[in-house]
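The file target35.cif comes next; it holds mmCIF, C-alpha atoms.
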```
data_run
loop_
_atom_site.label_atom_id
_atom_site.label_comp_id
_atom_site.auth_asym_id
_atom_site.auth_seq_id
_atom_site.Cartn_x
_atom_site.Cartn_y
_atom_site.Cartn_z
CA MET A 1 0.00 0.00 0.00
CA PHE A 2 2.82 2.39 0.90
CA ALA A 3 4.47 1.64 -2.47
CA ASN A 4 1.24 2.49 -4.28
CA VAL A 5 1.01 5.80 -2.43
CA THR A 6 4.64 6.56 -3.28
CA ARG A 7 4.06 5.86 -6.97
CA SER A 8 0.97 8.08 -6.92
CA VAL A 9 2.93 10.94 -5.35
CA ARG A 10 5.74 10.58 -7.90
CA SER A 11 3.33 10.50 -10.84
CA TRP A 12 1.32 13.48 -9.63
CA PRO A 13 3.48 16.14 -11.38
CA ASP A 14 3.14 14.30 -14.70
CA SER A 15 -0.61 13.97 -14.23
CA TRP A 16 -0.84 17.66 -13.39
CA ARG A 17 1.10 18.70 -16.51
CA ALA A 18 -1.02 16.43 -18.69
CA GLY A 19 -4.30 17.79 -17.29
CA PRO A 20 -6.55 20.29 -19.10
CA VAL A 21 -5.34 23.89 -19.10
CA PHE A 22 -8.69 25.25 -17.91
CA ALA A 23 -8.59 23.01 -14.83
CA LYS A 24 -5.05 24.11 -13.96
CA ASP A 25 -5.88 27.80 -14.41
CA GLY A 26 -9.04 27.35 -12.35
CA ALA A 27 -7.06 25.72 -9.56
CA LEU A 28 -4.55 28.58 -9.57
CA ALA A 29 -7.35 31.15 -9.41
CA ALA A 30 -9.03 29.31 -6.55
CA VAL A 31 -5.81 29.01 -4.53
CA LEU A 32 -4.98 32.69 -5.00
CA THR A 33 -8.52 33.74 -4.05
CA LEU A 34 -8.45 31.69 -0.86
CA ALA A 35 -4.95 32.95 0.00
CA ALA A 36 -6.21 36.54 -0.35
CA PHE A 37 -8.23 36.03 2.85
CA VAL A 38 -5.24 34.85 4.89
CA PRO A 39 -4.19 37.97 6.90
CA THR A 40 -0.52 37.03 7.19
CA LEU A 41 -0.16 37.02 3.39
CA ASP A 42 -1.32 40.61 3.04
CA THR A 43 2.25 41.76 3.46
CA ILE A 44 3.04 40.05 0.15
CA ALA A 45 0.96 42.34 -1.99
CA ALA A 46 1.46 44.64 -4.97
CA ARG A 47 1.32 48.21 -3.66
CA LEU A 48 1.33 51.29 -5.86
CA GLY A 49 -0.66 54.24 -4.52
CA ASP A 50 0.22 54.14 -0.78
CA LEU A 51 -2.78 56.35 -0.11
CA PRO A 52 -4.27 56.69 3.38
CA GLY A 53 -6.15 53.46 3.92
CA ARG A 54 -9.85 52.95 4.45
CA PRO A 55 -11.51 49.98 6.11
CA ALA A 56 -12.50 47.03 3.96
CA ASP A 57 -16.13 46.74 2.95
CA LEU A 58 -18.26 44.83 0.46
CA PRO A 59 -16.80 46.60 -2.63
CA ALA A 60 -13.32 45.78 -1.31
CA LEU A 61 -14.30 42.12 -1.11
CA ALA A 62 -15.57 42.21 -4.71
CA LEU A 63 -12.41 43.91 -5.93
CA THR A 64 -10.28 41.33 -4.12
CA VAL A 65 -12.05 38.47 -5.86
CA ALA A 66 -11.88 40.34 -9.19
CA GLN A 67 -8.08 40.46 -8.92
CA SER A 68 -7.73 36.68 -8.66
CA ALA A 69 -10.76 34.83 -10.04
CA PRO A 70 -10.25 35.91 -13.70
CA LEU A 71 -6.98 33.97 -13.70
CA ALA A 72 -9.16 30.95 -14.52
CA LEU A 73 -9.30 32.39 -18.05
CA ARG A 74 -5.68 33.49 -18.30
CA SER A 75 -4.67 30.91 -20.93
CA ARG A 76 -7.84 30.92 -23.01
CA TRP A 77 -8.54 34.66 -22.95
CA PRO A 78 -5.39 36.32 -21.58
CA ALA A 79 -6.28 39.86 -22.74
CA ALA A 80 -9.72 39.74 -21.11
CA SER A 81 -8.25 38.29 -17.92
CA LEU A 82 -5.64 41.06 -17.79
CA ALA A 83 -8.24 43.76 -18.47
CA VAL A 84 -10.54 42.65 -15.64
CA ILE A 85 -7.70 42.15 -13.15
CA GLY A 86 -6.04 45.44 -14.17
CA ILE A 87 -9.25 47.43 -13.71
CA ALA A 88 -9.91 45.78 -10.35
CA PHE A 89 -6.33 46.47 -9.24
CA ALA A 90 -6.58 50.11 -10.32
CA ALA A 91 -9.88 50.60 -8.48
CA HIS A 92 -8.52 48.88 -5.38
CA GLN A 93 -5.47 51.18 -5.34
CA ALA A 94 -7.44 54.34 -6.09
CA LEU A 95 -9.99 53.62 -3.35
CA ALA A 96 -7.11 52.96 -0.90
CA TYR A 97 -8.42 49.65 0.37
CA PRO A 98 -6.11 47.54 2.56
CA PRO A 99 -3.48 45.57 0.62
CA THR A 100 -4.39 42.02 -0.30
CA PHE A 101 -2.48 39.02 -1.56
CA ALA A 102 -4.93 38.86 -4.49
CA SER A 103 -3.07 41.80 -6.06
CA ILE A 104 -0.37 39.28 -7.08
CA GLY A 105 -2.92 38.29 -9.72
CA LEU A 106 -1.85 41.37 -11.71
CA TYR A 107 1.65 39.95 -12.15
CA LEU A 108 0.28 36.56 -13.17
CA ALA A 109 -2.13 38.15 -15.63
CA VAL A 110 0.63 40.21 -17.25
CA TYR A 111 2.80 37.10 -17.57
CA ALA A 112 -0.10 35.14 -19.08
CA ALA A 113 -0.74 37.89 -21.63
CA GLY A 114 2.89 37.81 -22.68
CA ALA A 115 2.89 34.01 -22.88
CA HIS A 116 -0.53 33.23 -24.38
CA GLN A 117 -1.83 36.27 -26.24
CA ALA A 118 -1.68 35.29 -29.94
CA ARG A 119 -3.37 38.20 -31.72
CA PHE A 120 -3.08 41.95 -31.24
CA ARG A 121 -0.14 41.57 -28.88
CA ARG A 122 1.06 45.11 -29.53
CA GLY A 123 -2.43 46.45 -29.02
CA VAL A 124 -2.77 44.67 -25.69
CA ALA A 125 0.66 45.94 -24.61
CA ALA A 126 -0.20 49.50 -25.66
CA GLY A 127 -3.56 49.34 -23.88
CA THR A 128 -1.93 48.05 -20.72
CA THR A 129 0.66 50.85 -20.83
CA ALA A 130 -2.01 53.48 -21.39
CA GLY A 131 -4.12 52.12 -18.53
CA TYR A 132 -1.15 52.13 -16.21
CA ALA A 133 -0.25 55.70 -17.15
CA ALA A 134 -3.82 56.79 -16.42
CA LEU A 135 -3.72 55.04 -13.04
CA ALA A 136 -0.44 56.75 -12.15
CA VAL A 137 -1.96 60.16 -12.98
CA VAL A 138 -5.06 59.40 -10.90
CA LEU A 139 -3.03 58.22 -7.91
CA HIS A 140 -0.81 61.31 -8.09
CA SER A 141 -3.86 63.57 -8.20
CA LEU A 142 -5.30 61.75 -5.15
CA GLY A 143 -2.18 62.61 -3.17
CA SER A 144 -0.01 59.54 -3.56
CA PRO A 145 3.40 60.11 -1.94
CA ASN A 146 5.14 58.08 -4.65
CA ARG A 147 7.35 59.88 -7.12
CA ALA A 148 7.60 59.44 -10.88
CA LEU A 149 10.56 57.10 -10.45
CA ASP A 150 8.46 54.89 -8.17
CA PHE A 151 5.73 54.60 -10.79
CA LEU A 152 8.37 53.96 -13.45
CA ALA A 153 9.98 51.19 -11.39
CA PHE A 154 6.60 49.46 -10.95
CA TYR A 155 5.97 49.77 -14.69
CA LEU A 156 9.37 48.32 -15.53
CA THR A 157 8.57 45.39 -13.24
CA LEU A 158 5.46 44.73 -15.30
CA VAL A 159 7.51 45.01 -18.50
CA VAL A 160 10.00 42.41 -17.24
CA ILE A 161 7.15 40.05 -16.33
CA TRP A 162 5.59 40.55 -19.79
CA MET A 163 8.93 39.83 -21.45
CA ALA A 164 9.34 36.68 -19.36
CA GLY A 165 5.98 35.49 -20.66
CA ALA A 166 6.96 36.39 -24.22
CA GLY A 167 10.20 34.43 -23.79
CA MET A 168 8.22 31.40 -22.65
CA ARG A 169 5.98 31.79 -25.69
CA ARG A 170 8.98 31.82 -28.02
CA TRP A 171 10.49 28.80 -26.25
CA ARG A 172 7.27 26.84 -26.66
CA ALA A 173 7.10 27.75 -30.35
CA GLU A 174 10.71 26.66 -30.86
CA GLU A 175 10.05 23.39 -29.01
CA ALA A 176 6.99 22.72 -31.16
CA GLU A 177 9.01 23.40 -34.31
CA HIS A 178 11.81 21.16 -33.05
CA ARG A 179 9.34 18.34 -32.39
CA ARG A 180 7.84 18.81 -35.85
CA LEU A 181 11.24 18.70 -37.53
CA SER A 182 12.25 15.67 -35.47
CA ALA A 183 9.06 13.90 -36.51
CA ASP A 184 9.76 14.76 -40.18
CA VAL A 185 13.30 13.41 -39.90
CA ALA A 186 12.05 10.25 -38.19
CA ARG A 187 9.43 9.72 -40.89
CA ALA A 188 12.00 10.24 -43.63
CA ALA A 189 14.40 7.80 -41.96
CA GLU A 190 11.64 5.24 -41.59
CA ARG A 191 10.62 5.61 -45.23
CA ALA A 192 14.25 5.12 -46.25
CA ARG A 193 14.52 2.04 -44.04
CA ILE A 194 11.34 0.57 -45.52
CA ALA A 195 12.60 1.30 -49.03
CA ARG A 196 15.85 -0.53 -48.25
CA GLU A 197 14.01 -3.53 -46.85
CA LEU A 198 11.64 -3.70 -49.84
CA HIS A 199 14.54 -3.37 -52.26
CA ASP A 200 16.53 -6.10 -50.54
CA VAL A 201 13.60 -8.51 -50.42
CA VAL A 202 12.08 -7.88 -53.84
CA THR A 203 15.26 -7.43 -55.90
CA HIS A 204 16.97 -10.55 -54.62
CA HIS A 205 14.02 -12.89 -54.97
CA VAL A 206 12.79 -11.48 -58.29
CA THR A 207 16.33 -11.69 -59.74
CA ALA A 208 16.57 -15.32 -58.65
CA MET A 209 13.14 -16.11 -60.12
CA VAL A 210 14.01 -14.47 -63.47
CA ILE A 211 17.26 -16.39 -63.74
CA GLN A 212 15.56 -19.65 -62.77
CA ALA A 213 12.75 -19.04 -65.25
CA ASP A 214 15.23 -18.30 -68.07
CA ALA A 215 17.13 -21.50 -67.28
CA ALA A 216 13.93 -23.57 -67.19
CA GLN A 217 12.78 -22.10 -70.49
CA PHE A 218 16.12 -22.95 -72.07
CA VAL A 219 15.98 -26.66 -71.11
CA VAL A 220 12.22 -27.24 -71.19
CA GLY A 221 12.40 -29.06 -74.54
CA THR A 222 15.62 -30.98 -74.03
CA ALA A 223 15.67 -31.78 -70.30
CA PRO A 224 12.16 -31.77 -68.82
CA ASP A 225 13.47 -32.99 -65.45
CA ARG A 226 15.79 -30.01 -65.12
CA ALA A 227 12.99 -27.68 -66.21
CA GLY A 228 10.76 -29.18 -63.52
CA SER A 229 13.45 -28.63 -60.91
CA GLY A 230 13.78 -25.04 -62.08
CA LEU A 231 10.05 -24.44 -61.77
CA ALA A 232 10.10 -25.94 -58.29
CA ALA A 233 12.94 -23.57 -57.40
CA ILE A 234 10.90 -20.65 -58.73
CA SER A 235 7.97 -21.71 -56.57
CA ASP A 236 10.19 -22.00 -53.49
CA THR A 237 11.76 -18.60 -54.17
CA GLY A 238 8.32 -17.01 -54.55
CA ARG A 239 7.20 -18.45 -51.23
CA ARG A 240 10.31 -17.08 -49.53
CA ALA A 241 9.60 -13.65 -50.99
CA LEU A 242 5.97 -13.76 -49.83
CA THR A 243 7.06 -14.81 -46.34
CA GLU A 244 9.51 -11.92 -45.98
CA LEU A 245 7.06 -9.43 -47.48
CA ARG A 246 4.31 -10.62 -45.16
CA HIS A 247 6.61 -10.17 -42.16
CA LEU A 248 7.58 -6.68 -43.33
CA LEU A 249 3.91 -5.72 -43.83
CA ASN A 250 3.08 -6.93 -40.33
CA VAL A 251 5.76 -4.62 -38.99
CA LEU A 252 4.47 -1.70 -41.07
CA GLU A 253 0.90 -2.25 -39.89
CA ALA A 254 2.12 -2.42 -36.26
CA THR A 255 -0.04 -5.47 -35.72
CA GLY A 256 2.22 -6.80 -33.02
CA GLU A 257 2.44 -10.10 -34.90
CA PRO A 258 6.12 -10.59 -35.70
CA GLY A 259 5.48 -14.20 -36.70
CA PRO A 260 7.77 -17.19 -36.16
CA ALA A 261 11.41 -16.42 -35.52
CA ASN A 262 12.51 -18.15 -38.72
CA ARG A 263 10.62 -15.62 -40.79
CA THR A 264 13.00 -12.85 -39.83
CA PRO A 265 16.18 -12.88 -41.96
CA ALA A 266 19.12 -13.58 -39.66
CA LEU A 267 22.74 -14.58 -39.74
CA GLY A 268 21.91 -18.27 -39.44
CA ARG A 269 19.92 -18.17 -42.67
CA ILE A 270 22.82 -17.16 -44.90
CA ALA A 271 23.07 -20.83 -45.86
CA ASP A 272 19.54 -20.53 -47.30
CA LEU A 273 20.71 -17.65 -49.50
CA ALA A 274 23.61 -19.72 -50.76
CA GLU A 275 21.35 -22.68 -51.50
CA GLN A 276 18.85 -20.48 -53.29
CA ALA A 277 21.63 -19.03 -55.46
CA ARG A 278 22.80 -22.56 -56.30
CA LEU A 279 19.28 -23.45 -57.43
CA SER A 280 19.47 -20.45 -59.75
CA GLY A 281 22.63 -21.88 -61.34
CA GLN A 282 25.14 -19.78 -59.41
CA PRO A 283 27.99 -21.89 -57.94
CA VAL A 284 28.28 -20.60 -54.37
CA GLU A 285 30.65 -21.70 -51.62
CA LEU A 286 29.93 -20.77 -48.02
CA ASN A 287 32.74 -20.68 -45.45
CA GLU A 288 32.41 -19.68 -41.81
CA HIS A 289 35.33 -19.16 -39.43
CA GLY A 290 35.20 -18.75 -35.69
CA ARG A 291 32.53 -19.55 -33.15
CA GLN A 292 29.13 -18.13 -33.96
CA ARG A 293 27.81 -15.97 -31.14
CA PRO A 294 24.38 -14.50 -30.45
CA ARG A 295 24.16 -11.05 -32.04
CA THR A 296 21.62 -8.28 -31.94
CA VAL A 297 18.83 -8.33 -34.53
CA ASP A 298 20.24 -5.28 -36.34
CA VAL A 299 23.69 -6.85 -36.70
CA GLU A 300 22.38 -10.20 -37.91
CA LEU A 301 20.00 -8.56 -40.37
CA ALA A 302 22.79 -6.32 -41.71
CA ALA A 303 25.04 -9.35 -42.34
CA TYR A 304 22.18 -11.18 -44.03
CA ARG A 305 21.43 -8.21 -46.30
CA VAL A 306 25.10 -7.86 -47.28
CA VAL A 307 25.21 -11.47 -48.48
CA GLN A 308 21.81 -11.14 -50.13
CA GLU A 309 22.76 -8.03 -52.10
CA ALA A 310 26.16 -9.43 -53.09
CA LEU A 311 24.60 -12.66 -54.37
CA THR A 312 21.97 -10.68 -56.24
CA ASN A 313 24.70 -8.70 -58.01
CA ALA A 314 26.60 -11.90 -58.72
CA MET A 315 23.56 -13.50 -60.34
CA LYS A 316 22.87 -10.37 -62.39
CA HIS A 317 26.39 -9.41 -63.48
CA ALA A 318 28.37 -12.67 -63.31
CA THR A 319 25.85 -15.39 -63.95
CA GLY A 320 27.30 -18.86 -63.52
CA ARG A 321 30.61 -17.56 -62.13
CA ARG A 322 32.09 -19.00 -58.96
CA THR A 323 31.08 -17.03 -55.87
CA VAL A 324 32.56 -17.46 -52.39
CA VAL A 325 30.84 -16.24 -49.22
CA THR A 326 33.12 -16.01 -46.18
CA VAL A 327 31.93 -15.08 -42.70
CA HIS A 328 34.44 -14.45 -39.90
CA HIS A 329 32.99 -14.50 -36.36
CA HIS A 330 35.00 -12.35 -33.96
CA PRO A 331 34.06 -11.52 -30.36
CA ASP A 332 33.53 -7.84 -31.15
CA ARG A 333 32.76 -7.80 -34.87
CA LEU A 334 31.59 -9.67 -37.92
CA THR A 335 33.44 -9.68 -41.23
CA VAL A 336 31.47 -10.73 -44.28
CA GLU A 337 33.15 -11.04 -47.68
CA VAL A 338 31.61 -12.15 -50.96
CA THR A 339 33.92 -12.59 -53.96
CA THR A 340 32.78 -13.40 -57.48
CA ASP A 341 34.85 -14.46 -60.47
CA GLY A 342 34.03 -12.84 -63.75
CA PRO A 343 35.14 -10.49 -66.44
CA THR A 344 33.30 -7.46 -65.08
CA GLY A 345 31.87 -6.17 -61.85
CA PRO A 346 28.56 -4.52 -61.04
CA GLU A 347 30.19 -1.08 -61.06
CA PRO A 348 33.12 0.67 -62.70
CA ALA A 349 36.15 -0.10 -60.56
CA ASP A 350 39.24 1.82 -59.62
CA PRO A 351 42.58 0.00 -59.86
CA GLY A 352 43.44 -2.19 -56.91
CA PRO A 353 41.51 -4.96 -55.18
CA THR A 354 40.69 -2.98 -52.01
CA THR A 355 39.84 0.42 -53.42
CA PRO A 356 36.37 1.57 -52.28
CA LEU A 357 34.01 2.33 -55.11
CA VAL A 358 31.42 5.04 -55.35
CA PRO A 359 28.12 3.48 -56.46
CA ALA A 360 26.80 4.59 -59.80
CA GLY A 361 23.35 5.24 -58.40
CA GLY A 362 22.71 1.66 -57.22
CA ARG A 363 20.02 1.65 -54.55
CA GLY A 364 21.10 -1.68 -53.06
CA LEU A 365 24.73 -0.83 -52.28
CA ASN A 366 23.79 2.68 -51.17
CA GLY A 367 21.23 1.20 -48.80
CA LEU A 368 23.81 -1.23 -47.42
CA ARG A 369 26.28 1.58 -46.77
CA GLN A 370 23.62 3.53 -44.88
CA ARG A 371 22.62 0.46 -42.89
CA LEU A 372 26.21 -0.31 -41.88
CA ARG A 373 26.99 3.33 -41.17
CA MET A 374 24.25 3.33 -38.53
CA LEU A 375 26.03 0.39 -36.89
CA ASP A 376 29.44 2.11 -37.17
CA GLY A 377 30.38 -0.43 -39.81
CA ASP A 378 31.92 -0.15 -43.25
CA LEU A 379 31.27 -1.54 -46.73
CA ILE A 380 33.91 -1.89 -49.44
CA VAL A 381 33.03 -2.86 -52.99
CA ALA A 382 36.02 -3.38 -55.26
CA SER A 383 37.15 -4.96 -58.50
CA ARG A 384 39.47 -7.96 -58.56
CA PRO A 385 42.54 -8.45 -60.76
CA ASP A 386 40.83 -11.34 -62.59
CA GLY A 387 37.92 -9.12 -63.58
CA GLY A 388 35.56 -10.19 -60.84
CA PHE A 389 34.44 -8.15 -57.87
CA SER A 390 34.26 -8.39 -54.11
CA VAL A 391 31.95 -7.04 -51.42
CA ARG A 392 33.42 -6.79 -47.92
CA ALA A 393 31.53 -5.64 -44.82
CA LEU A 394 32.87 -4.94 -41.34
CA ILE A 395 30.13 -4.89 -38.71
CA PRO A 396 31.15 -4.02 -35.13
CA SER A 397 29.10 -5.93 -32.58
CA GLY A 398 29.45 -7.32 -29.12
CA SER A 399 27.83 -10.63 -28.27
CA GLN A 400 24.23 -10.30 -27.24
CA THR A 401 23.77 -10.80 -23.52
#
```
Would it be possible to restate this file's structure as structure tokens?
Amino acid sequence: MFANVTRSVRSWPDSWRAGPVFAKDGALAAVLTLAAFVPTLDTIAARLGDLPGRPADLPALALTVAQSAPLALRSRWPAASLAVIGIAFAAHQALAYPPTFASIGLYLAVYAAGAHQARFRRGVAAGTTAGYAALAVVLHSLGSPNRALDFLAFYLTLVVIWMAGAGMRRWRAEEAEHRRLSADVARAAERARIARELHDVVTHHVTAMVIQADAAQFVVGTAPDRAGSGLAAISDTGRRALTELRHLLNVLEATGEPGPANRTPALGRIADLAEQARLSGQPVELNEHGRQRPRTVDVELAAYRVVQEALTNAMKHATGRRTVVTVHHHPDRLTVEVTTDGPTGPEPADPGPTTPLVPAGGRGLNGLRQRLRMLDGDLIVASRPDGGFSVRALIPSGSQT
């Protein structure tokens, strides 16, 4: 029970901030009104005229309430709240009623006008200044002992409070703009991530299906058995594509249905990629070195996509050429390298087997670079002396605990 009470006390500030503005303003007005009738708080009051006092009466009571109750509208109608409180304060000072804590409502109303007044801000400020000047003249004519500098000091206090409210208004506007820009950046990043996932899934599987279909069409008349195997491979590839697309759509729809674990591409399924490429007629060798360790989902998916994209390029640009996939498991990183023999690579290459290449507009390799960059990794695509090409990825990662 004590723990529940403690949690309630700790969550109270958050609940208060999340509550409706009208309720919070109403609570402030009520507290200030009640405090105005606590005699010891009368010493904390806004004094201006310092005229000879008169005893409190029914009009004094009404003016006291009028200096605090309108604060209930300070956020919704700040100019009206300031006007009512300002007039009540002026009348209270001119009639020389005893000081009251409710006069603090003038400061709060000025702050609220600076913070919440959206339209005619200059007009409200000018009207407030004119009203104050008129009050100063009236108080002086009634015999106030205060000098011009005293009235000026009180006015400057109001100006500072107004400017504090205006500063809060600007800060809130900047925060809202920052949140909007952050949301735009997050949406753009998510769209880019989805585009990368769709590209990786669709391009790889469709490329494999096209190659398998071409091979089946070539042997359909001479080797029906091989054509049948090719059609079966096409069917299997299509099912894999549908499975990955269905998983991706579940994520996009936020259904909370991630599906079986084997539907998510992971490091352990690289062997499936190699087997699928073999069924498409691409001779692929898979070598793994080191002890495989549990990795985070992002790391395993990045390694899977590197192999997937490299095999897709191999099937497109070096069909039938020997391709070697090598995965090195290190305690703090993964190294994935895919090398393909062939006369040409997927991109124009600079001299040297380890020279990084700048993609010629390829979405797949660009997407891989972005994916690895977010993991502090690196991707190198280079030509080989024999005319083939290599894709090498370094993915920093500690073992998942």
Point-to-point distance from atom CA of Ala164 of chain A to atom CA of Ala134 of chain A, Å rounded to tenths: 24.2 Å
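Using only C-alpha atoms, the shortest contact distance between Asp298 of chain A and any of A:Met168, A:Val327, A:Arg371, A:Ala310 is found at A:Arg371.
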Atom CA of Val306 of chain A to atom CA of Asp214 of chain A, distance in Å rounded to a single decimal: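 Atom CA of Asp214 of chain A lies at a distance of 25.3 Å from atom CA of Val306 of chain A.
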Residue nearest Glu288 of chain A - candidates A:Ala208, A:Leu139, A:Ala271, A:Leu58, atoms counted: all atoms listed in the file: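 Of A:Ala208, A:Leu139, A:Ala271, A:Leu58, the one nearest Glu288 of chain A, counting all atoms listed in the file, is A:Ala271.
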Between atom CA of Tyr107 of chain A and atom CA of Ala35 of chain A - distance in Å to one decimal: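 Atom CA of Tyr107 of chain A lies 15.5 Å from atom CA of Ala35 of chain A.
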Expansion of the PyMOL selection byres ((chain A and resi 89-101) around 10) into residues, as number ranges by chain: A: 32-57, 59-64, 66-68, 83-88, 102-106, 131-132, 134-136, 138-140, 142, 144
For the residues in that selection, give me C-alpha atoms as a PDB file, in the frame of the given file.
```pdb
ATOM      1  CA  LEU A  32      -4.980  32.690  -5.000  1.00  0.00           C
ATOM      2  CA  THR A  33      -8.520  33.740  -4.050  1.00  0.00           C
ATOM      3  CA  LEU A  34      -8.450  31.690  -0.860  1.00  0.00           C
ATOM      4  CA  ALA A  35      -4.950  32.950   0.000  1.00  0.00           C
ATOM      5  CA  ALA A  36      -6.210  36.540  -0.350  1.00  0.00           C
ATOM      6  CA  PHE A  37      -8.230  36.030   2.850  1.00  0.00           C
ATOM      7  CA  VAL A  38      -5.240  34.850   4.890  1.00  0.00           C
ATOM      8  CA  PRO A  39      -4.190  37.970   6.900  1.00  0.00           C
ATOM      9  CA  THR A  40      -0.520  37.030   7.190  1.00  0.00           C
ATOM     10  CA  LEU A  41      -0.160  37.020   3.390  1.00  0.00           C
ATOM     11  CA  ASP A  42      -1.320  40.610   3.040  1.00  0.00           C
ATOM     12  CA  THR A  43       2.250  41.760   3.460  1.00  0.00           C
ATOM     13  CA  ILE A  44       3.040  40.050   0.150  1.00  0.00           C
ATOM     14  CA  ALA A  45       0.960  42.340  -1.990  1.00  0.00           C
ATOM     15  CA  ALA A  46       1.460  44.640  -4.970  1.00  0.00           C
ATOM     16  CA  ARG A  47       1.320  48.210  -3.660  1.00  0.00           C
ATOM     17  CA  LEU A  48       1.330  51.290  -5.860  1.00  0.00           C
ATOM     18  CA  GLY A  49      -0.660  54.240  -4.520  1.00  0.00           C
ATOM     19  CA  ASP A  50       0.220  54.140  -0.780  1.00  0.00           C
ATOM     20  CA  LEU A  51      -2.780  56.350  -0.110  1.00  0.00           C
ATOM     21  CA  PRO A  52      -4.270  56.690   3.380  1.00  0.00           C
ATOM     22  CA  GLY A  53      -6.150  53.460   3.920  1.00  0.00           C
ATOM     23  CA  ARG A  54      -9.850  52.950   4.450  1.00  0.00           C
ATOM     24  CA  PRO A  55     -11.510  49.980   6.110  1.00  0.00           C
ATOM     25  CA  ALA A  56     -12.500  47.030   3.960  1.00  0.00           C
ATOM     26  CA  ASP A  57     -16.130  46.740   2.950  1.00  0.00           C
ATOM     27  CA  PRO A  59     -16.800  46.600  -2.630  1.00  0.00           C
ATOM     28  CA  ALA A  60     -13.320  45.780  -1.310  1.00  0.00           C
ATOM     29  CA  LEU A  61     -14.300  42.120  -1.110  1.00  0.00           C
ATOM     30  CA  ALA A  62     -15.570  42.210  -4.710  1.00  0.00           C
ATOM     31  CA  LEU A  63     -12.410  43.910  -5.930  1.00  0.00           C
ATOM     32  CA  THR A  64     -10.280  41.330  -4.120  1.00  0.00           C
ATOM     33  CA  ALA A  66     -11.880  40.340  -9.190  1.00  0.00           C
ATOM     34  CA  GLN A  67      -8.080  40.460  -8.920  1.00  0.00           C
ATOM     35  CA  SER A  68      -7.730  36.680  -8.660  1.00  0.00           C
ATOM     36  CA  ALA A  83      -8.240  43.760 -18.470  1.00  0.00           C
ATOM     37  CA  VAL A  84     -10.540  42.650 -15.640  1.00  0.00           C
ATOM     38  CA  ILE A  85      -7.700  42.150 -13.150  1.00  0.00           C
ATOM     39  CA  GLY A  86      -6.040  45.440 -14.170  1.00  0.00           C
ATOM     40  CA  ILE A  87      -9.250  47.430 -13.710  1.00  0.00           C
ATOM     41  CA  ALA A  88      -9.910  45.780 -10.350  1.00  0.00           C
ATOM     42  CA  ALA A 102      -4.930  38.860  -4.490  1.00  0.00           C
ATOM     43  CA  SER A 103      -3.070  41.800  -6.060  1.00  0.00           C
ATOM     44  CA  ILE A 104      -0.370  39.280  -7.080  1.00  0.00           C
ATOM     45  CA  GLY A 105      -2.920  38.290  -9.720  1.00  0.00           C
ATOM     46  CA  LEU A 106      -1.850  41.370 -11.710  1.00  0.00           C
ATOM     47  CA  GLY A 131      -4.120  52.120 -18.530  1.00  0.00           C
ATOM     48  CA  TYR A 132      -1.150  52.130 -16.210  1.00  0.00           C
ATOM     49  CA  ALA A 134      -3.820  56.790 -16.420  1.00  0.00           C
ATOM     50  CA  LEU A 135      -3.720  55.040 -13.040  1.00  0.00           C
ATOM     51  CA  ALA A 136      -0.440  56.750 -12.150  1.00  0.00           C
ATOM     52  CA  VAL A 138      -5.060  59.400 -10.900  1.00  0.00           C
ATOM     53  CA  LEU A 139      -3.030  58.220  -7.910  1.00  0.00           C
ATOM     54  CA  HIS A 140      -0.810  61.310  -8.090  1.00  0.00           C
ATOM     55  CA  LEU A 142      -5.300  61.750  -5.150  1.00  0.00           C
ATOM     56  CA  SER A 144      -0.010  59.540  -3.560  1.00  0.00           C
TER      57      SER A 144
END
```
Residues returned when the PyMOL selection byres ((chain A and resi 391) around 8) runs on this file, as a PyMOL selection string: chain A and resi 310+337-339+379-382+389-390+392-393
Emit the selected residues as a PDB file, in the frame of the given file, including C-alpha atoms.
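Just written: result.pdb:
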```
ATOM      1  CA  ALA A 310      26.160  -9.430 -53.090  1.00  0.00           C
ATOM      2  CA  GLU A 337      33.150 -11.040 -47.680  1.00  0.00           C
ATOM      3  CA  VAL A 338      31.610 -12.150 -50.960  1.00  0.00           C
ATOM      4  CA  THR A 339      33.920 -12.590 -53.960  1.00  0.00           C
ATOM      5  CA  LEU A 379      31.270  -1.540 -46.730  1.00  0.00           C
ATOM      6  CA  ILE A 380      33.910  -1.890 -49.440  1.00  0.00           C
ATOM      7  CA  VAL A 381      33.030  -2.860 -52.990  1.00  0.00           C
ATOM      8  CA  ALA A 382      36.020  -3.380 -55.260  1.00  0.00           C
ATOM      9  CA  PHE A 389      34.440  -8.150 -57.870  1.00  0.00           C
ATOM     10  CA  SER A 390      34.260  -8.390 -54.110  1.00  0.00           C
ATOM     11  CA  ARG A 392      33.420  -6.790 -47.920  1.00  0.00           C
ATOM     12  CA  ALA A 393      31.530  -5.640 -44.820  1.00  0.00           C
TER      13      ALA A 393
END
```
With 8 Å added on each side, what axis-aligned box encloses every listed atom of segment 164-176 of chain A? Give the centre and edge lengths in Å to one decimal, as AutoDock Vina command-line options.
```
--center_x 8.3 --center_y 29.7 --center_z -25.3 --size_x 20.7 --size_y 30.0 --size_z 27.8
```
Which residues are close to Ile234 of chain A, i.e. within 8 Å by only C-alpha atoms, leaving aside same-chain residues fewer than 2 positions away? Reply as a compact mmCIF listing (two decimals) with C-alpha atoms, in the coordinates of the input.
```
# COMPACT_ATOMS: atom_id res chain seq x y z
CA ALA A 208 16.57 -15.32 -58.65
CA MET A 209 13.14 -16.11 -60.12
CA GLN A 212 15.56 -19.65 -62.77
CA ALA A 213 12.75 -19.04 -65.25
CA GLY A 230 13.78 -25.04 -62.08
CA LEU A 231 10.05 -24.44 -61.77
CA ALA A 232 10.10 -25.94 -58.29
CA ASP A 236 10.19 -22.00 -53.49
CA THR A 237 11.76 -18.60 -54.17
CA GLY A 238 8.32 -17.01 -54.55
```
